[in-house]
$ cat structure-v9.cif   # mmCIF, C-alpha atoms and all ligand atoms
data_final
loop_
_atom_site.label_atom_id
_atom_site.label_comp_id
_atom_site.auth_asym_id
_atom_site.auth_seq_id
_atom_site.Cartn_x
_atom_site.Cartn_y
_atom_site.Cartn_z
CA MET G 9 -5.31 13.86 23.18
CA ALA G 10 -9.13 13.54 23.28
CA SER G 11 -10.43 10.03 22.66
CA CYS G 12 -12.38 9.31 19.52
CA ASP G 13 -16.09 8.55 19.72
CA VAL G 14 -16.19 5.34 17.70
CA SER G 15 -19.95 5.53 17.18
CA LYS G 16 -19.29 8.31 14.66
CA LEU G 17 -18.29 7.28 11.17
CA GLN G 18 -20.27 10.01 9.47
CA ALA G 19 -17.97 11.98 7.20
CA ILE G 20 -20.68 14.41 6.08
CA ARG G 21 -23.42 15.99 8.23
CA TYR G 22 -26.02 18.00 6.42
CA GLU G 23 -29.32 19.69 6.97
CA ARG G 24 -30.75 22.53 4.89
CA GLY G 25 -28.38 25.50 5.29
CA SER G 26 -25.78 23.60 7.35
CA LEU G 27 -22.91 21.40 6.18
CA GLN G 28 -20.27 19.92 8.47
CA LEU G 29 -17.33 17.66 7.68
CA LEU G 30 -15.63 15.24 10.03
CA ASP G 31 -12.00 16.37 10.02
CA GLN G 32 -10.38 13.15 8.80
CA ARG G 33 -6.89 14.54 9.35
CA LEU G 34 -7.42 14.08 13.10
CA LEU G 35 -8.72 10.51 12.98
CA PRO G 36 -8.49 8.08 14.66
CA PHE G 37 -7.69 10.10 17.77
CA GLN G 38 -10.11 13.02 17.66
CA THR G 39 -13.65 13.51 16.41
CA VAL G 40 -14.04 17.11 15.29
CA TYR G 41 -16.60 18.44 12.81
CA LEU G 42 -15.78 21.58 10.82
CA GLU G 43 -18.37 23.95 9.40
CA VAL G 44 -18.48 24.40 5.63
CA PRO G 45 -20.08 27.83 5.24
CA ASP G 46 -19.70 28.12 1.46
CA VAL G 47 -18.16 26.69 -1.71
CA LYS G 48 -14.82 28.42 -1.13
CA ALA G 49 -14.46 26.68 2.22
CA ALA G 50 -15.44 23.33 0.65
CA TRP G 51 -12.77 23.82 -2.02
CA THR G 52 -10.09 24.35 0.64
CA GLN G 53 -11.31 21.51 2.84
CA ILE G 54 -11.33 19.08 -0.09
CA ARG G 55 -7.82 20.11 -1.14
CA ASP G 56 -6.56 19.91 2.45
CA MET G 57 -8.05 16.41 2.98
CA VAL G 58 -10.55 17.32 5.72
CA VAL G 59 -12.81 15.19 3.55
CA ARG G 60 -11.39 12.71 1.04
CA GLY G 61 -12.45 9.65 -0.92
CA ALA G 62 -13.95 10.06 -4.38
CA PRO G 63 -17.68 9.73 -3.55
CA ALA G 64 -17.41 11.86 -0.38
CA ILE G 65 -15.71 14.61 -2.36
CA GLY G 66 -18.50 14.55 -4.96
CA VAL G 67 -21.27 14.71 -2.35
CA THR G 68 -19.47 17.45 -0.37
CA GLY G 69 -19.07 19.59 -3.49
CA ALA G 70 -22.77 19.33 -4.31
CA LEU G 71 -23.89 20.07 -0.75
CA SER G 72 -21.58 23.06 -0.47
CA MET G 73 -23.35 24.50 -3.52
CA ALA G 74 -26.68 23.94 -1.77
CA VAL G 75 -25.43 25.75 1.35
CA GLU G 76 -24.03 28.60 -0.73
CA LEU G 77 -27.36 29.14 -2.47
CA THR G 78 -29.43 28.73 0.70
CA ASN G 79 -27.38 30.96 3.00
CA HIS G 80 -25.68 33.46 0.74
CA LYS G 81 -28.09 33.86 -2.16
CA GLY G 82 -31.37 33.76 -0.22
CA SER G 83 -32.30 30.60 -2.15
CA GLY G 84 -32.43 32.76 -5.29
CA GLU G 85 -33.59 36.12 -3.90
CA ALA G 86 -30.14 37.61 -4.46
CA PHE G 87 -30.42 37.22 -8.25
CA LYS G 88 -32.30 39.72 -10.43
CA THR G 89 -32.66 37.37 -13.39
CA VAL G 90 -32.56 33.67 -14.25
CA ALA G 91 -29.48 34.32 -16.40
CA GLN G 92 -27.69 35.82 -13.41
CA ALA G 93 -28.49 32.78 -11.27
CA VAL G 94 -27.29 30.40 -14.02
CA GLU G 95 -24.06 32.36 -14.50
CA PHE G 96 -23.30 32.28 -10.77
CA ILE G 97 -24.08 28.58 -10.33
CA GLU G 98 -22.07 27.46 -13.36
CA THR G 99 -19.01 29.59 -12.55
CA THR G 100 -19.05 28.39 -8.96
CA LEU G 101 -19.29 24.74 -10.06
CA ASP G 102 -16.35 25.24 -12.45
CA PHE G 103 -14.29 26.56 -9.57
CA LEU G 104 -15.24 23.67 -7.27
CA VAL G 105 -13.94 21.07 -9.74
CA THR G 106 -10.42 22.50 -9.55
CA SER G 107 -9.86 21.45 -5.92
CA ARG G 108 -8.55 17.92 -6.68
CA PRO G 109 -8.07 16.58 -10.21
CA THR G 110 -8.07 12.76 -10.17
CA ALA G 111 -11.38 11.64 -8.66
CA VAL G 112 -14.04 12.16 -11.32
CA ASN G 113 -16.95 12.13 -8.87
CA LEU G 114 -16.65 15.84 -8.15
CA ALA G 115 -16.77 16.69 -11.86
CA ASP G 116 -19.67 14.27 -12.26
CA SER G 117 -21.56 15.97 -9.41
CA CYS G 118 -20.89 19.42 -10.85
CA ASN G 119 -21.88 18.40 -14.39
CA LYS G 120 -25.14 16.93 -13.12
CA LEU G 121 -25.91 20.13 -11.18
CA LYS G 122 -25.17 22.13 -14.33
CA ALA G 123 -27.65 20.00 -16.26
CA VAL G 124 -30.25 20.55 -13.53
CA THR G 125 -29.56 24.29 -13.68
CA GLU G 126 -30.01 24.42 -17.46
CA ALA G 127 -33.21 22.37 -17.31
CA ALA G 128 -34.71 24.49 -14.51
CA ALA G 129 -33.73 27.71 -16.29
CA GLY G 130 -35.42 26.51 -19.48
CA ALA G 131 -38.64 25.45 -17.76
CA GLU G 132 -41.81 27.50 -18.22
CA GLY G 133 -42.20 30.21 -15.57
CA ALA G 134 -38.59 29.83 -14.39
CA THR G 135 -37.37 32.31 -11.77
CA PRO G 136 -34.05 32.59 -9.92
CA TYR G 137 -35.85 30.95 -7.01
CA THR G 138 -37.03 27.89 -8.99
CA VAL G 139 -33.55 27.44 -10.47
CA CYS G 140 -31.88 27.53 -7.06
CA ALA G 141 -34.55 25.26 -5.55
CA ALA G 142 -33.91 22.66 -8.26
CA VAL G 143 -30.15 22.77 -7.67
CA ILE G 144 -30.54 22.54 -3.89
CA ALA G 145 -32.90 19.55 -4.21
CA ALA G 146 -30.57 17.74 -6.62
CA ALA G 147 -27.56 18.38 -4.38
CA GLU G 148 -29.40 17.12 -1.32
CA ALA G 149 -30.42 13.93 -3.14
CA THR G 150 -26.76 12.93 -3.63
CA LEU G 151 -26.38 11.89 0.02
CA ALA G 152 -29.11 9.24 -0.04
CA GLU G 153 -28.21 8.19 -3.60
CA ASP G 154 -24.63 7.44 -2.60
CA ILE G 155 -25.62 5.35 0.42
CA ALA G 156 -28.11 3.36 -1.67
CA ALA G 157 -25.46 2.80 -4.36
CA ASN G 158 -23.01 1.51 -1.75
CA ARG G 159 -25.51 -0.96 -0.29
CA SER G 160 -26.27 -2.27 -3.76
CA MET G 161 -22.57 -2.50 -4.61
CA GLY G 162 -22.04 -4.47 -1.42
CA ALA G 163 -24.57 -7.08 -2.51
CA HIS G 164 -23.24 -7.35 -6.09
CA GLY G 165 -19.64 -7.35 -4.89
CA ALA G 166 -20.06 -10.02 -2.23
CA ALA G 167 -21.61 -12.36 -4.81
CA ALA G 168 -18.85 -11.62 -7.34
CA LEU G 169 -16.00 -12.20 -4.88
CA LEU G 170 -17.53 -15.44 -3.61
CA ALA G 171 -18.02 -16.74 -7.16
CA ALA G 172 -14.48 -15.84 -8.24
CA ALA G 173 -12.90 -17.37 -5.13
CA LYS G 174 -14.98 -20.53 -5.52
CA ALA G 175 -13.94 -20.87 -9.16
CA ARG G 176 -10.30 -20.81 -8.04
CA GLY G 177 -10.83 -23.13 -5.07
CA ARG G 178 -10.03 -20.29 -2.66
CA GLY G 179 -11.59 -19.55 0.72
CA VAL G 180 -11.95 -21.14 4.14
CA ASN G 181 -15.18 -23.16 4.42
CA GLY G 182 -16.99 -20.70 2.14
CA ARG G 183 -15.55 -17.65 3.92
CA LEU G 184 -13.06 -15.27 2.33
CA ARG G 185 -9.87 -13.56 3.42
CA VAL G 186 -10.06 -10.21 1.67
CA LEU G 187 -7.37 -7.58 1.22
CA THR G 188 -8.16 -3.90 0.65
CA HIS G 189 -6.20 -0.68 0.22
CA CYS G 190 -6.67 2.96 1.26
CA ASN G 191 -10.03 3.89 2.79
CA THR G 192 -13.22 3.25 0.90
CA GLY G 193 -15.67 3.00 3.79
CA SER G 194 -18.22 5.26 5.45
CA LEU G 195 -15.54 7.91 5.77
CA ALA G 196 -14.87 7.98 2.01
CA THR G 197 -18.54 8.08 1.03
CA ALA G 198 -21.92 9.22 2.32
CA GLY G 199 -22.03 5.94 4.29
CA TYR G 200 -21.26 2.18 4.23
CA GLY G 201 -18.57 2.39 1.57
CA THR G 202 -17.57 0.93 -1.79
CA ALA G 203 -14.82 -1.71 -1.45
CA LEU G 204 -15.21 -1.64 2.31
CA GLY G 205 -18.96 -1.90 1.71
CA VAL G 206 -18.31 -5.18 -0.13
CA ILE G 207 -16.29 -6.41 2.87
CA ARG G 208 -19.11 -5.27 5.19
CA ALA G 209 -21.64 -7.15 3.05
CA LEU G 210 -19.53 -10.34 3.14
CA HIS G 211 -19.39 -10.03 6.93
CA GLU G 212 -23.15 -9.46 7.21
CA GLN G 213 -23.70 -12.62 5.17
CA GLY G 214 -21.31 -14.67 7.33
CA HIS G 215 -18.86 -15.01 4.43
CA LEU G 216 -15.95 -12.96 5.77
CA GLU G 217 -13.10 -14.94 7.29
CA HIS G 218 -10.73 -12.01 7.65
CA ALA G 219 -10.10 -8.50 6.32
CA PHE G 220 -6.58 -7.21 5.72
CA CYS G 221 -5.95 -3.51 5.23
CA THR G 222 -2.75 -1.90 4.06
CA GLU G 223 -1.45 1.11 5.96
CA THR G 224 -1.49 3.08 2.65
CA ARG G 225 1.55 5.29 2.80
CA PRO G 226 2.17 8.15 2.80
CA TYR G 227 -1.12 9.52 4.12
CA ASN G 228 -2.03 6.36 6.07
CA GLN G 229 -5.70 6.22 5.06
CA GLY G 230 -5.56 2.47 5.76
CA ALA G 231 -3.90 2.58 9.18
CA ARG G 232 -5.82 5.62 10.39
CA LEU G 233 -9.23 5.28 8.72
CA THR G 234 -9.87 1.75 7.42
CA ALA G 235 -8.43 0.14 10.56
CA PHE G 236 -10.65 2.49 12.57
CA GLU G 237 -13.76 1.47 10.60
CA LEU G 238 -12.92 -2.25 10.84
CA GLN G 239 -12.50 -1.91 14.60
CA HIS G 240 -15.67 0.14 14.87
CA ASP G 241 -17.65 -2.64 13.20
CA GLY G 242 -15.87 -5.45 15.08
CA LEU G 243 -14.70 -7.19 11.88
CA PRO G 244 -11.87 -9.75 12.15
CA SER G 245 -9.04 -7.73 10.70
CA THR G 246 -5.30 -7.14 10.46
CA LEU G 247 -3.25 -4.13 9.38
CA ILE G 248 -0.21 -4.73 7.17
CA CYS G 249 2.52 -2.53 5.70
CA ASP G 250 2.05 -1.76 2.01
CA SER G 251 5.29 -3.61 1.36
CA ALA G 252 3.92 -6.81 3.02
CA VAL G 253 1.26 -7.40 0.36
CA ALA G 254 3.20 -9.86 -1.82
CA ALA G 255 4.47 -11.75 1.24
CA LEU G 256 0.92 -12.13 2.59
CA MET G 257 -0.27 -13.38 -0.79
CA SER G 258 2.66 -15.80 -1.11
CA HIS G 259 1.63 -17.31 2.24
CA GLY G 260 -1.78 -18.13 0.75
CA GLN G 261 -3.57 -15.74 3.10
CA VAL G 262 -5.55 -13.74 0.51
CA ASP G 263 -8.56 -15.13 -1.37
CA ALA G 264 -9.58 -11.90 -3.08
CA VAL G 265 -8.61 -8.23 -3.32
CA VAL G 266 -11.17 -5.44 -3.51
CA VAL G 267 -10.28 -1.75 -3.75
CA GLY G 268 -12.12 1.44 -4.64
CA ALA G 269 -11.56 3.84 -7.51
CA ASP G 270 -11.14 7.52 -8.23
CA ARG G 271 -11.74 7.18 -11.95
CA VAL G 272 -12.58 4.19 -14.14
CA VAL G 273 -12.08 4.98 -17.83
CA ALA G 274 -13.58 3.50 -21.00
CA ASN G 275 -11.40 0.35 -21.16
CA GLY G 276 -11.57 -0.36 -17.41
CA ASP G 277 -8.16 1.10 -16.51
CA THR G 278 -8.66 2.38 -12.97
CA ALA G 279 -7.02 5.19 -11.05
CA ASN G 280 -6.95 4.63 -7.32
CA LYS G 281 -4.70 5.35 -4.35
CA ILE G 282 -0.98 4.97 -5.02
CA GLY G 283 -0.01 1.34 -4.58
CA THR G 284 -3.10 -0.03 -6.32
CA ASN G 285 -1.14 -0.87 -9.46
CA ALA G 286 1.44 -2.87 -7.46
CA LEU G 287 -1.42 -4.68 -5.75
CA SER G 288 -3.02 -5.61 -9.08
CA ILE G 289 0.31 -6.95 -10.38
CA ALA G 290 0.93 -8.99 -7.22
CA ALA G 291 -2.62 -10.38 -7.30
CA GLY G 292 -2.14 -11.32 -10.98
CA HIS G 293 1.14 -13.09 -10.15
CA PHE G 294 -0.48 -15.19 -7.41
CA GLY G 295 -3.72 -15.84 -9.33
CA ILE G 296 -5.83 -13.92 -6.80
CA PRO G 297 -8.97 -12.23 -8.17
CA PHE G 298 -8.59 -8.45 -8.08
CA PHE G 299 -11.79 -6.38 -7.99
CA ILE G 300 -12.70 -2.71 -8.22
CA ALA G 301 -15.82 -1.45 -6.44
CA ALA G 302 -16.97 1.91 -7.75
CA PRO G 303 -20.32 3.67 -8.12
CA THR G 304 -21.31 4.76 -11.62
CA THR G 305 -20.42 8.32 -10.54
CA THR G 306 -16.76 7.16 -10.70
CA LEU G 307 -16.98 6.06 -14.36
CA ASP G 308 -15.42 8.31 -16.97
CA PRO G 309 -16.29 7.07 -20.45
CA ASN G 310 -14.68 10.14 -22.03
CA LEU G 311 -11.11 8.98 -21.49
CA PRO G 312 -10.11 6.00 -23.66
CA SER G 313 -7.39 4.64 -21.36
CA GLY G 314 -5.57 5.21 -18.10
CA ASP G 315 -2.74 7.10 -19.85
CA HIS G 316 -5.06 10.10 -20.08
CA ILE G 317 -5.87 10.35 -16.36
CA VAL G 318 -4.42 13.38 -14.57
CA ILE G 319 -2.63 12.11 -11.47
CA GLU G 320 -2.57 14.49 -8.53
CA GLN G 321 0.89 15.20 -7.11
CA ARG G 322 0.82 16.04 -3.42
CA SER G 323 3.20 17.84 -1.11
CA HIS G 324 6.66 16.48 -0.34
CA GLU G 325 5.96 16.88 3.37
CA GLU G 326 3.48 14.00 3.24
CA VAL G 327 6.48 11.76 2.55
CA THR G 328 9.28 13.47 4.45
CA HIS G 329 7.31 14.22 7.63
CA PHE G 330 5.16 12.29 10.08
CA ARG G 331 2.72 14.32 12.17
CA GLY G 332 4.78 17.45 11.59
CA GLU G 333 8.12 15.83 12.41
CA ARG G 334 10.73 15.24 9.72
CA VAL G 335 11.65 11.57 9.30
CA ALA G 336 13.51 11.74 5.95
CA ALA G 337 17.11 12.81 5.45
CA HIS G 338 17.49 16.49 4.60
CA GLY G 339 18.11 17.33 0.96
CA ILE G 340 16.50 14.23 -0.58
CA GLY G 341 14.18 14.78 -3.56
CA VAL G 342 10.60 13.48 -3.36
CA TRP G 343 8.06 12.13 -5.87
CA ASN G 344 4.59 11.87 -4.35
CA PRO G 345 1.85 10.91 -6.82
CA SER G 346 -1.36 10.41 -4.88
CA PHE G 347 -2.77 7.82 -7.29
CA ASP G 348 -1.73 5.26 -9.87
CA VAL G 349 -3.54 3.22 -12.49
CA ALA G 350 -4.35 -0.48 -12.34
CA PRO G 351 -4.64 -1.75 -15.94
CA GLY G 352 -8.04 -3.15 -16.90
CA GLY G 353 -6.30 -6.35 -18.03
CA LEU G 354 -5.37 -7.19 -14.43
CA ILE G 355 -8.86 -6.50 -13.07
CA GLU G 356 -11.15 -9.50 -12.59
CA GLY G 357 -14.32 -7.46 -12.25
CA ILE G 358 -15.61 -3.92 -11.79
CA ILE G 359 -18.52 -3.82 -9.36
CA THR G 360 -21.03 -0.98 -9.57
CA GLU G 361 -24.39 -0.39 -7.91
CA LYS G 362 -25.98 -1.43 -11.23
CA GLY G 363 -24.07 -4.70 -11.43
CA MET G 364 -20.78 -5.81 -12.98
CA ILE G 365 -19.35 -3.98 -15.99
CA PRO G 366 -19.28 -6.44 -18.91
CA LYS G 367 -16.07 -7.50 -20.62
CA ARG G 368 -15.38 -8.61 -24.18
CA ASP G 369 -12.09 -10.35 -25.02
CA GLY G 370 -10.71 -9.22 -21.66
CA VAL G 371 -11.57 -5.53 -22.22
CA PHE G 372 -14.19 -3.76 -20.10
CA LEU G 373 -17.07 -2.17 -22.00
CA VAL G 374 -17.66 0.89 -19.84
CA ARG G 375 -19.24 3.00 -22.60
CA SER G 376 -21.83 0.46 -23.68
CA PHE G 377 -22.60 -0.39 -20.02
CA MET G 378 -23.34 3.27 -19.35
CA ALA G 379 -25.25 3.76 -22.58
CA LYS G 380 -27.53 0.81 -21.72
CA LEU G 381 -28.25 2.40 -18.35
CA GLY G 382 -28.93 5.79 -19.96
CA LEU G 383 -26.02 7.37 -18.06
O1 LIG T 1 -6.48 10.72 -1.47
P1 LIG T 1 -7.78 10.09 -1.07
O2 LIG T 1 -7.80 9.66 0.37
O3 LIG T 1 -8.96 10.93 -1.45
O4 LIG T 1 -7.84 8.76 -1.94
C1 LIG T 1 -8.94 7.90 -1.79
C2 LIG T 1 -8.86 6.70 -2.64
O5 LIG T 1 -7.98 6.52 -3.45
C3 LIG T 1 -10.02 5.76 -2.54
O6 LIG T 1 -9.60 4.43 -2.71
C4 LIG T 1 -11.03 6.10 -3.64
O7 LIG T 1 -11.31 7.47 -3.61
C5 LIG T 1 -12.28 5.33 -3.49
S1 LIG T 1 -13.19 5.91 -2.07
C6 LIG T 1 -14.62 5.04 -2.01
#

$ encode --input "structure-v9.cif" --output "structure tokens"
Amino acid sequence: MASCDVSKLQAIRYERGSLQLLDQRLLPFQTVYLEVPDVKAAWTQIRDMVVRGAPAIGVTGALSMAVELTNHKGSGEAFKTVAQAVEFIETTLDFLVTSRPTAVNLADSCNKLKAVTEAAAGAEGATPYTVCAAVIAAAEATLAEDIAANRSMGAHGAAALLAAAKARGRGVNGRLRVLTHCNTGSLATAGYGTALGVIRALHEQGHLEHAFCTETRPYNQGARLTAFELQHDGLPSTLICDSAVAALMSHGQVDAVVVGADRVVANGDTANKIGTNALSIAAGHFGIPFFIAAPTTTLDPNLPSGDHIVIEQRSHEEVTHFRGERVAAHGIGVWNPSFDVAPGGLIEGIITEKGMIPKRDGVFLVRSFMAKLGL
């Protein structure tokens, strides 16, 4: 098997008219980039996990729209009227959203591009070309916006984790032992990462004692991707089985937990990779602060609570097979939800690029936070 070039943690490569995705199914052993020629290909590659992680999915969706318009619609030349351009863009965005249901970032990206489309179409002197140009520019901006959000989240998150650990008398000489789940790093975003970005920021500040990552069954995003990123950056780190979390905590080895999110709803209930709920319960039991790190593109103020989140069910083979080989007894039934919901009540803080989401009487105020920011 070809060795992996560890200098490459770039999930998404883009320049005008060209989009490539690092095939994350082959990591950590092979570095292969796949072309994304159009929106249909992006839809399939998102569903098939070539690219995964809520922010990365959102950015990929937007950039695939840009590529579609640039390469297949002559940046607008293919449309006779503005109405035709709007109809095509909006229908295509509606299709894109159906690839994976739980992470809200893709819907957020598509809704924002729709708003850009409507605004450009309504502007004086609008042509199919000006509409497409506005959509392409907005899509391209998502890459840099996501990286900037992650850097900012890292700074806010590091401060929040340090303060919470200090308040509980946790830590080793001002340095933290932090546990994370799934993959929320460069590979799950446009770069740097959300929860893993917080861990990176702690390390950059000299405040990271140790990072623990769970293997994250059944798809092994932790063992394959997070462990790979931690090794790439040379962070002091250890991989544990998902089922070892409570044992590690009971041995006093965890000062704080930080995980990412696929959707944070109005009361702070948070959908994230399956196992996150168990982690939040274990952290609560041991009095360990449990944090979510999520960009504002992951907030969904329209759903009142986690009960309303659609949880993606994935194929049985992810559980019964390992690298194509069956490891489970024949005939057994399988339940494979890809995500679960950590209740807001067990979450110490939700870190965004705009700061921490406020709480009143233990309930997160996602709607008023967003309203204040004009989101
Ligand atoms: O199924 P995946 O790999 O897309 O799930 C990813 C997660 O659950 C991440 O924790 C979440 O998307 C946050 S990524 C910054």

$ closest_atom_pairs --input "structure-v9.cif" --of "segment 201-242 of chain G" --to "segment 269-290 of chain G" --cutoff "12 Å" --atoms "all atoms listed in the file" --output "CSV"
residue,atom,partner,partner_atom,distance
G:Gly201,CA,G:Ala269,CA,11.6
G:Thr202,CA,G:Ala269,CA,8.8
G:Ala203,CA,G:Ala269,CA,8.8
G:Leu204,CA,G:Ala269,CA,11.8
G:Cys221,CA,G:Leu287,CA,11.9
G:Thr222,CA,G:Gly283,CA,9.6
G:Glu223,CA,G:Gly283,CA,10.6
G:Thr224,CA,G:Gly283,CA,7.6
G:Arg225,CA,G:Ile282,CA,8.2
G:Pro226,CA,G:Ile282,CA,9.0
G:Tyr227,CA,G:Lys281,CA,10.1
G:Asn228,CA,G:Lys281,CA,10.8
G:Gln229,CA,G:Lys281,CA,9.5
G:Gly230,CA,G:Lys281,CA,10.5

$ closest_residue --input "structure-v9.cif" --among "G:Pro36, G:Gly25, G:Gly341, G:Gly205" --to "ligand LIG 1 (chain T)" --atoms "all atoms listed in the file"
G:Gly205

$ residues_around --input "structure-v9.cif" --residues "segment 318-321 of chain G" --least-positions-apart "2" --cutoff "10 Å" --atoms "only C-alpha atoms" --output "list in words"
Arg108, Pro109, Thr110, Ala111, Arg271, Ala279, Asn280, Ile282, Gly314, Asp315, His316, Ser323, His324, Trp343, Asn344, Pro345, Ser346, Phe347, Asp348 and Val349 of chain G

$ closest_residue --input "structure-v9.cif" --among "G:Thr100, G:Asn119, G:Gln32, G:Ser376" --to "ligand LIG 1 (chain T)" --atoms "all atoms listed in the file"
G:Gln32

$ atom_distance --input "structure-v9.cif" --atom1 "atom CA of Met378 of chain G" --atom2 "atom CA of Phe298 of chain G"
22.0 Å

$ atom_distance --input "structure-v9.cif" --atom1 "atom CA of Ala255 of chain G" --atom2 "atom CA of Ile359 of chain G"
26.5 Å

$ axis_aligned_box --input "structure-v9.cif" --around "segment 103-111 of chain G" --padding-each-side "6 Å" --output "AutoDock Vina command-line options"
--center_x -11.7 --center_y 19.1 --center_z -8.1 --size_x 19.2 --size_y 26.9 --size_z 16.3

$ residues_near_point --input "structure-v9.cif" --point "(-12.1, 12.2, -16.6)" --cutoff "7 Å" --atoms "all atoms listed in the file" --output "list in words"
Val112, Arg271, Asp308, Asn310, Leu311 and Ile317 of chain G

$ residues_around --input "structure-v9.cif" --residues "Phe96 of chain G" --least-positions-apart "3" --cutoff "12 Å" --atoms "all atoms listed in the file" --output "CSV table (one decimal) with C-alpha atoms, in the coordinates of the input"
chain,number,residue,atom,x,y,z
G,47,VAL,CA,-18.2,26.7,-1.7
G,73,MET,CA,-23.4,24.5,-3.5
G,76,GLU,CA,-24.0,28.6,-0.7
G,77,LEU,CA,-27.4,29.1,-2.5
G,80,HIS,CA,-25.7,33.5,0.7
G,81,LYS,CA,-28.1,33.9,-2.2
G,84,GLY,CA,-32.4,32.8,-5.3
G,86,ALA,CA,-30.1,37.6,-4.5
G,87,PHE,CA,-30.4,37.2,-8.2
G,88,LYS,CA,-32.3,39.7,-10.4
G,89,THR,CA,-32.7,37.4,-13.4
G,90,VAL,CA,-32.6,33.7,-14.2
G,91,ALA,CA,-29.5,34.3,-16.4
G,92,GLN,CA,-27.7,35.8,-13.4
G,93,ALA,CA,-28.5,32.8,-11.3
G,99,THR,CA,-19.0,29.6,-12.6
G,100,THR,CA,-19.0,28.4,-9.0
G,101,LEU,CA,-19.3,24.7,-10.1
G,102,ASP,CA,-16.4,25.2,-12.4
G,103,PHE,CA,-14.3,26.6,-9.6
G,122,LYS,CA,-25.2,22.1,-14.3
G,125,THR,CA,-29.6,24.3,-13.7
G,136,PRO,CA,-34.0,32.6,-9.9
G,139,VAL,CA,-33.6,27.4,-10.5
G,140,CYS,CA,-31.9,27.5,-7.1

$ decode --input "structure-v9.cif" --residues "segment 346-358 of chain G" --atoms "N, CA and C atoms" --output "PDB file, in the first residue's frame"
ATOM      1  N   SER G 346     -25.769   7.160  12.633  1.00  0.00           N
ATOM      2  CA  SER G 346     -24.455   7.798  12.486  1.00  0.00           C
ATOM      3  C   SER G 346     -24.206   8.867  13.555  1.00  0.00           C
ATOM      4  N   PHE G 347     -25.275   9.341  14.164  1.00  0.00           N
ATOM      5  CA  PHE G 347     -25.163  10.448  15.124  1.00  0.00           C
ATOM      6  C   PHE G 347     -26.068  10.188  16.328  1.00  0.00           C
ATOM      7  N   ASP G 348     -25.799  10.881  17.425  1.00  0.00           N
ATOM      8  CA  ASP G 348     -26.767  10.941  18.520  1.00  0.00           C
ATOM      9  C   ASP G 348     -26.772  12.354  19.073  1.00  0.00           C
ATOM     10  N   VAL G 349     -27.563  12.580  20.111  1.00  0.00           N
ATOM     11  CA  VAL G 349     -27.750  13.945  20.593  1.00  0.00           C
ATOM     12  C   VAL G 349     -27.300  14.054  22.048  1.00  0.00           C
ATOM     13  N   ALA G 350     -26.363  14.953  22.293  1.00  0.00           N
ATOM     14  CA  ALA G 350     -25.975  15.265  23.673  1.00  0.00           C
ATOM     15  C   ALA G 350     -26.927  16.350  24.164  1.00  0.00           C
ATOM     16  N   PRO G 351     -27.602  16.121  25.315  1.00  0.00           N
ATOM     17  CA  PRO G 351     -28.558  17.134  25.790  1.00  0.00           C
ATOM     18  C   PRO G 351     -27.835  18.399  26.250  1.00  0.00           C
ATOM     19  N   GLY G 352     -28.452  19.544  25.940  1.00  0.00           N
ATOM     20  CA  GLY G 352     -27.858  20.830  26.337  1.00  0.00           C
ATOM     21  C   GLY G 352     -27.528  20.882  27.822  1.00  0.00           C
ATOM     22  N   GLY G 353     -28.355  20.201  28.636  1.00  0.00           N
ATOM     23  CA  GLY G 353     -28.154  20.237  30.085  1.00  0.00           C
ATOM     24  C   GLY G 353     -26.839  19.622  30.532  1.00  0.00           C
ATOM     25  N   LEU G 354     -26.243  18.789  29.698  1.00  0.00           N
ATOM     26  CA  LEU G 354     -24.959  18.164  30.075  1.00  0.00           C
ATOM     27  C   LEU G 354     -23.763  18.890  29.453  1.00  0.00           C
ATOM     28  N   ILE G 355     -24.060  19.970  28.719  1.00  0.00           N
ATOM     29  CA  ILE G 355     -22.984  20.687  28.016  1.00  0.00           C
ATOM     30  C   ILE G 355     -22.562  21.905  28.837  1.00  0.00           C
ATOM     31  N   GLU G 356     -21.269  21.963  29.132  1.00  0.00           N
ATOM     32  CA  GLU G 356     -20.750  23.094  29.920  1.00  0.00           C
ATOM     33  C   GLU G 356     -20.768  24.386  29.092  1.00  0.00           C
ATOM     34  N   GLY G 357     -20.318  24.291  27.856  1.00  0.00           N
ATOM     35  CA  GLY G 357     -20.280  25.489  27.025  1.00  0.00           C
ATOM     36  C   GLY G 357     -20.273  25.144  25.551  1.00  0.00           C
ATOM     37  N   ILE G 358     -20.871  26.021  24.747  1.00  0.00           N
ATOM     38  CA  ILE G 358     -20.828  25.859  23.288  1.00  0.00           C
ATOM     39  C   ILE G 358     -19.976  26.995  22.731  1.00  0.00           C
TER      40      ILE G 358
END
